[in-house]
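Data block for data35.txt (compact mmCIF, C-alpha atoms):
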```
# COMPACT_ATOMS: atom_id res chain seq x y z
CA MET A 1 32.77 101.89 -43.22
CA ARG A 2 35.36 103.01 -45.76
CA PHE A 3 34.77 104.16 -49.34
CA THR A 4 37.15 102.64 -51.86
CA SER A 5 37.53 103.03 -55.58
CA LYS A 6 38.80 99.47 -56.16
CA LEU A 7 36.06 97.82 -58.17
CA LYS A 8 36.60 94.10 -58.67
CA SER A 9 34.01 91.38 -58.99
CA THR A 10 35.81 88.87 -56.74
CA GLY A 11 38.19 88.94 -53.84
CA ILE A 12 37.95 92.59 -52.84
CA CYS A 13 34.98 94.00 -50.99
CA TRP A 14 33.82 97.35 -52.28
CA LEU A 15 31.24 100.01 -51.78
CA MET A 16 29.77 101.99 -54.63
CA LEU A 17 27.54 104.98 -54.13
CA LEU A 18 25.41 106.07 -57.05
CA LEU A 19 23.57 109.30 -56.58
CA PHE A 20 20.32 109.62 -58.52
CA PRO A 21 18.98 112.01 -59.60
CA THR A 22 22.10 114.15 -59.74
CA ALA A 23 20.23 117.12 -61.17
CA CYS A 24 17.97 117.40 -58.12
CA HIS A 25 20.62 118.07 -55.47
CA GLN A 26 24.31 118.87 -55.46
CA SER A 27 26.65 117.01 -53.14
CA ARG A 28 28.02 119.18 -50.36
CA GLN A 29 30.92 116.91 -49.55
CA SER A 30 33.18 114.83 -51.68
CA LEU A 31 33.76 111.14 -51.00
CA GLU A 32 37.42 110.41 -51.52
CA PRO A 33 38.96 106.92 -51.50
CA GLY A 34 39.60 105.94 -47.88
CA ALA A 35 37.22 108.57 -46.47
CA LEU A 36 34.50 107.60 -44.02
CA THR A 37 31.05 107.62 -45.56
CA PRO A 38 28.52 109.95 -43.92
CA ARG A 39 26.04 108.23 -41.61
CA LEU A 40 22.53 107.75 -42.89
CA ALA A 41 19.65 109.52 -41.14
CA VAL A 42 16.84 107.52 -42.73
CA LEU A 43 14.05 105.22 -41.56
CA ASP A 44 12.84 102.01 -43.15
CA MET A 45 9.16 101.59 -43.96
CA LYS A 46 8.52 100.23 -40.44
CA GLY A 47 10.01 103.37 -38.88
CA ASP A 48 13.31 101.79 -37.81
CA PRO A 49 16.66 103.57 -38.40
CA VAL A 50 18.82 102.25 -41.24
CA ARG A 51 22.59 102.19 -40.89
CA LEU A 52 25.35 101.33 -43.37
CA GLU A 53 27.42 99.25 -40.94
CA PRO A 54 25.44 96.00 -41.50
CA PHE A 55 26.31 96.25 -45.21
CA GLN A 56 30.06 96.54 -44.72
CA GLY A 57 31.87 94.48 -47.33
CA LYS A 58 28.97 94.69 -49.79
CA VAL A 59 28.32 96.91 -52.77
CA VAL A 60 25.88 99.57 -51.59
CA VAL A 61 23.92 101.61 -54.13
CA LEU A 62 22.11 104.66 -52.80
CA THR A 63 19.54 106.09 -55.18
CA PHE A 64 17.83 109.34 -54.17
CA TRP A 65 14.33 110.07 -55.46
CA GLN A 66 11.22 112.15 -54.82
CA SER A 67 7.72 112.72 -56.10
CA GLY A 68 7.50 115.14 -58.98
CA CYS A 69 10.70 113.78 -60.54
CA ASN A 70 9.65 112.02 -63.75
CA ALA A 71 13.10 110.55 -64.32
CA CYS A 72 13.02 108.97 -60.85
CA ALA A 73 10.33 106.42 -61.77
CA SER A 74 12.34 105.10 -64.72
CA GLU A 75 15.53 105.08 -62.61
CA MET A 76 13.73 103.09 -59.93
CA LEU A 77 12.62 100.53 -62.53
CA GLU A 78 16.23 100.24 -63.70
CA MET A 79 17.39 99.79 -60.10
CA GLU A 80 14.78 97.04 -59.68
CA MET A 81 16.18 95.22 -62.72
CA VAL A 82 19.70 95.44 -61.24
CA TYR A 83 18.38 94.29 -57.86
CA GLN A 84 16.63 91.28 -59.40
CA LYS A 85 19.73 90.35 -61.41
CA TYR A 86 22.18 90.46 -58.49
CA GLN A 87 20.03 89.29 -55.55
CA PRO A 88 20.76 87.37 -53.49
CA GLY A 89 24.31 88.52 -53.59
CA ASN A 90 26.87 90.91 -52.34
CA MET A 91 24.96 94.07 -53.28
CA VAL A 92 22.41 96.25 -51.50
CA ILE A 93 20.25 98.93 -53.10
CA LEU A 94 18.59 101.56 -50.91
CA GLY A 95 16.04 103.85 -52.55
CA ILE A 96 16.20 106.99 -50.41
CA ASN A 97 13.03 109.03 -50.70
CA MET A 98 13.53 112.77 -50.24
CA GLY A 99 10.70 114.12 -48.11
CA ASP A 100 7.54 112.28 -49.22
CA SER A 101 5.13 110.59 -46.82
CA ARG A 102 5.35 106.90 -45.93
CA GLU A 103 1.92 106.41 -47.55
CA PHE A 104 3.09 107.95 -50.83
CA VAL A 105 6.22 105.80 -50.86
CA GLU A 106 4.17 102.62 -50.27
CA LYS A 107 1.80 103.50 -53.13
CA PHE A 108 4.79 104.25 -55.39
CA ARG A 109 6.45 100.95 -54.46
CA ASN A 110 3.25 98.99 -55.16
CA LYS A 111 2.56 100.81 -58.43
CA LEU A 112 6.05 100.03 -59.79
CA THR A 113 6.33 96.62 -58.08
CA LEU A 114 9.63 97.40 -56.37
CA TYR A 115 11.25 94.85 -54.06
CA PHE A 116 14.50 96.55 -53.09
CA PRO A 117 14.36 98.50 -49.81
CA LEU A 118 12.90 102.00 -49.90
CA VAL A 119 13.79 104.26 -46.99
CA LEU A 120 12.55 107.66 -45.85
CA ASP A 121 14.67 110.80 -45.51
CA SER A 122 11.81 112.91 -44.18
CA LEU A 123 14.05 115.68 -42.82
CA LEU A 124 16.43 115.59 -45.84
CA ILE A 125 19.43 115.14 -43.53
CA THR A 126 20.96 112.31 -45.57
CA THR A 127 20.13 114.08 -48.81
CA GLU A 128 22.10 117.11 -47.64
CA LYS A 129 25.08 114.94 -46.60
CA TYR A 130 25.30 113.19 -49.95
```
Using the file provided, produce a representation of the structure as structure tokens.
Amino acid sequence: MRFTSKLKSTGICWLMLLLFPTACHQSRQSLEPGALTPRLAVLDMKGDPVRLEPFQGKVVVLTFWQSGCNACASEMLEMEMVYQKYQPGNMVILGINMGDSREFVEKFRNKLTLYFPLVLDSLLITTEKY
């Protein structure tokens, strides 16, 4: 999958990566237009690997979050509003949890009533890549 900076609402497929919260972790590599995006090393809530390839041609928003980050809860609620506004559509939001247990993530999802996919980065491999 290629990363492109061309952002148009129709005609051109694009991928947008939003990194939240930016204060928690610094990116170790820069995503330049035309560069390959790093592979994800995350699992969905059923324990299955999640890959970016099925989302090629769609807007993909990656939001990183963890317990103990107060700003993360409000960011997740904002992401849910965006998800509800643009679904079904040509956009995917993945809430990448940084190191919490599956049980915690489920409780968090239920408490905030989140419907967009939450995935687990238990080993922080994807977090380090992005």
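Between Glu53 in chain A and the residues A:Trp65, A:Leu40, A:Val105, A:Leu123, the shortest atom-to-atom distance, using only C-alpha atoms, involves A:Leu40.
Of the listed residues A:Met45, A:Leu124, A:Val60, A:Met81, the one whose atoms come nearest to Arg109 in chain A is A:Met45, with distances taken using only C-alpha atoms.
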Legend entry - Proximity to Lys58 in chain A - best of A:Val82, A:Met91, A:Ala35, A:Ile125, all atoms listed in the file: A:Met91
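Nearest to Met76 in chain A of all the residues A:Leu112, A:Val119, A:Val50, A:Leu43 is A:Leu112, counting only C-alpha atoms.
Straight-line separation from CA of Glu80 in chain A to CA of Thr126 in chain A: 21.7 Å.
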Inset, instruction - Excluding Leu114 in chain A and residues on its chain fewer than 2 positions from it, collect all residues at most 12 Å away from it, counting all atoms listed in the file, and give them as a ChimeraX atom specification. - result: /A:73-84,93-95,105-112,116-118
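Of the residues under consideration (A:Gly68, A:Tyr130, A:Asp121, A:Ser101), A:Asp121 shows the shortest atom-to-atom contact distance to Pro49 in chain A when counting only C-alpha atoms.
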Legend entry - Between CA of Val61 in chain A and CA of Met98 in chain A, distance in Å (one decimal): 15.7 Å
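Compared by their closest atoms to Arg102 in chain A, and using only C-alpha atoms, the residues A:Gly47, A:Pro38, A:Pro54, A:Pro33 rank with A:Gly47 nearest.
Atom to atom, CA of Cys72 in chain A and CA of Tyr86 in chain A stand 20.8 Å apart.
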All file atoms of range 35-52 of chain A boxed axis-aligned, 4 Å per side, centre plus edges, as JSON:
```
{"center_x": 22.9, "center_y": 105.1, "center_z": -42.1, "size_x": 36.7, "size_y": 17.7, "size_z": 16.7}
```
Any chance you could turn range 64-79 of chain A into a file with N, CA, C and O atoms, as a PDB file, in the first residue's frame?
```pdb
ATOM      1  N   PHE A  64      -3.730   5.846  18.033  1.00  0.00           N
ATOM      2  CA  PHE A  64      -3.034   5.085  19.069  1.00  0.00           C
ATOM      3  C   PHE A  64      -3.489   5.570  20.436  1.00  0.00           C
ATOM      4  O   PHE A  64      -3.573   6.769  20.669  1.00  0.00           O
ATOM      5  N   TRP A  65      -3.752   4.619  21.357  1.00  0.00           N
ATOM      6  CA  TRP A  65      -4.250   4.996  22.669  1.00  0.00           C
ATOM      7  C   TRP A  65      -3.846   3.947  23.698  1.00  0.00           C
ATOM      8  O   TRP A  65      -3.477   2.827  23.358  1.00  0.00           O
ATOM      9  N   GLN A  66      -3.930   4.354  24.971  1.00  0.00           N
ATOM     10  CA  GLN A  66      -3.599   3.438  26.070  1.00  0.00           C
ATOM     11  C   GLN A  66      -4.289   3.884  27.340  1.00  0.00           C
ATOM     12  O   GLN A  66      -4.747   5.016  27.450  1.00  0.00           O
ATOM     13  N   SER A  67      -4.382   2.962  28.285  1.00  0.00           N
ATOM     14  CA  SER A  67      -4.950   3.320  29.583  1.00  0.00           C
ATOM     15  C   SER A  67      -4.028   4.334  30.246  1.00  0.00           C
ATOM     16  O   SER A  67      -2.829   4.375  29.972  1.00  0.00           O
ATOM     17  N   GLY A  68      -4.577   5.142  31.101  1.00  0.00           N
ATOM     18  CA  GLY A  68      -3.786   6.151  31.787  1.00  0.00           C
ATOM     19  C   GLY A  68      -3.613   7.433  30.993  1.00  0.00           C
ATOM     20  O   GLY A  68      -3.016   8.384  31.472  1.00  0.00           O
ATOM     21  N   CYS A  69      -4.128   7.466  29.772  1.00  0.00           N
ATOM     22  CA  CYS A  69      -4.047   8.660  28.937  1.00  0.00           C
ATOM     23  C   CYS A  69      -5.432   9.300  28.928  1.00  0.00           C
ATOM     24  O   CYS A  69      -6.337   8.828  28.237  1.00  0.00           O
ATOM     25  N   ASN A  70      -5.610  10.342  29.721  1.00  0.00           N
ATOM     26  CA  ASN A  70      -6.925  10.987  29.838  1.00  0.00           C
ATOM     27  C   ASN A  70      -7.415  11.566  28.516  1.00  0.00           C
ATOM     28  O   ASN A  70      -8.605  11.533  28.224  1.00  0.00           O
ATOM     29  N   ALA A  71      -6.508  12.097  27.727  1.00  0.00           N
ATOM     30  CA  ALA A  71      -6.902  12.677  26.439  1.00  0.00           C
ATOM     31  C   ALA A  71      -7.380  11.601  25.458  1.00  0.00           C
ATOM     32  O   ALA A  71      -8.167  11.889  24.558  1.00  0.00           O
ATOM     33  N   CYS A  72      -6.934  10.370  25.665  1.00  0.00           N
ATOM     34  CA  CYS A  72      -7.294   9.293  24.734  1.00  0.00           C
ATOM     35  C   CYS A  72      -8.798   9.032  24.716  1.00  0.00           C
ATOM     36  O   CYS A  72      -9.369   8.795  23.651  1.00  0.00           O
ATOM     37  N   ALA A  73      -9.439   9.065  25.878  1.00  0.00           N
ATOM     38  CA  ALA A  73     -10.885   8.796  25.927  1.00  0.00           C
ATOM     39  C   ALA A  73     -11.649   9.831  25.103  1.00  0.00           C
ATOM     40  O   ALA A  73     -12.534   9.470  24.318  1.00  0.00           O
ATOM     41  N   SER A  74     -11.310  11.103  25.238  1.00  0.00           N
ATOM     42  CA  SER A  74     -12.022  12.122  24.462  1.00  0.00           C
ATOM     43  C   SER A  74     -11.680  12.002  22.974  1.00  0.00           C
ATOM     44  O   SER A  74     -12.542  12.214  22.122  1.00  0.00           O
ATOM     45  N   GLU A  75     -10.439  11.634  22.645  1.00  0.00           N
ATOM     46  CA  GLU A  75     -10.083  11.425  21.241  1.00  0.00           C
ATOM     47  C   GLU A  75     -10.858  10.257  20.654  1.00  0.00           C
ATOM     48  O   GLU A  75     -11.308  10.311  19.507  1.00  0.00           O
ATOM     49  N   MET A  76     -11.050   9.209  21.451  1.00  0.00           N
ATOM     50  CA  MET A  76     -11.795   8.046  20.966  1.00  0.00           C
ATOM     51  C   MET A  76     -13.256   8.417  20.710  1.00  0.00           C
ATOM     52  O   MET A  76     -13.853   7.954  19.738  1.00  0.00           O
ATOM     53  N   LEU A  77     -13.829   9.252  21.564  1.00  0.00           N
ATOM     54  CA  LEU A  77     -15.206   9.700  21.342  1.00  0.00           C
ATOM     55  C   LEU A  77     -15.310  10.531  20.072  1.00  0.00           C
ATOM     56  O   LEU A  77     -16.277  10.425  19.315  1.00  0.00           O
ATOM     57  N   GLU A  78     -14.295  11.358  19.807  1.00  0.00           N
ATOM     58  CA  GLU A  78     -14.266  12.142  18.568  1.00  0.00           C
ATOM     59  C   GLU A  78     -14.130  11.226  17.359  1.00  0.00           C
ATOM     60  O   GLU A  78     -14.783  11.437  16.329  1.00  0.00           O
ATOM     61  N   MET A  79     -13.284  10.203  17.471  1.00  0.00           N
ATOM     62  CA  MET A  79     -13.130   9.247  16.377  1.00  0.00           C
ATOM     63  C   MET A  79     -14.440   8.512  16.123  1.00  0.00           C
ATOM     64  O   MET A  79     -14.806   8.251  14.972  1.00  0.00           O
TER      65      MET A  79
END
```
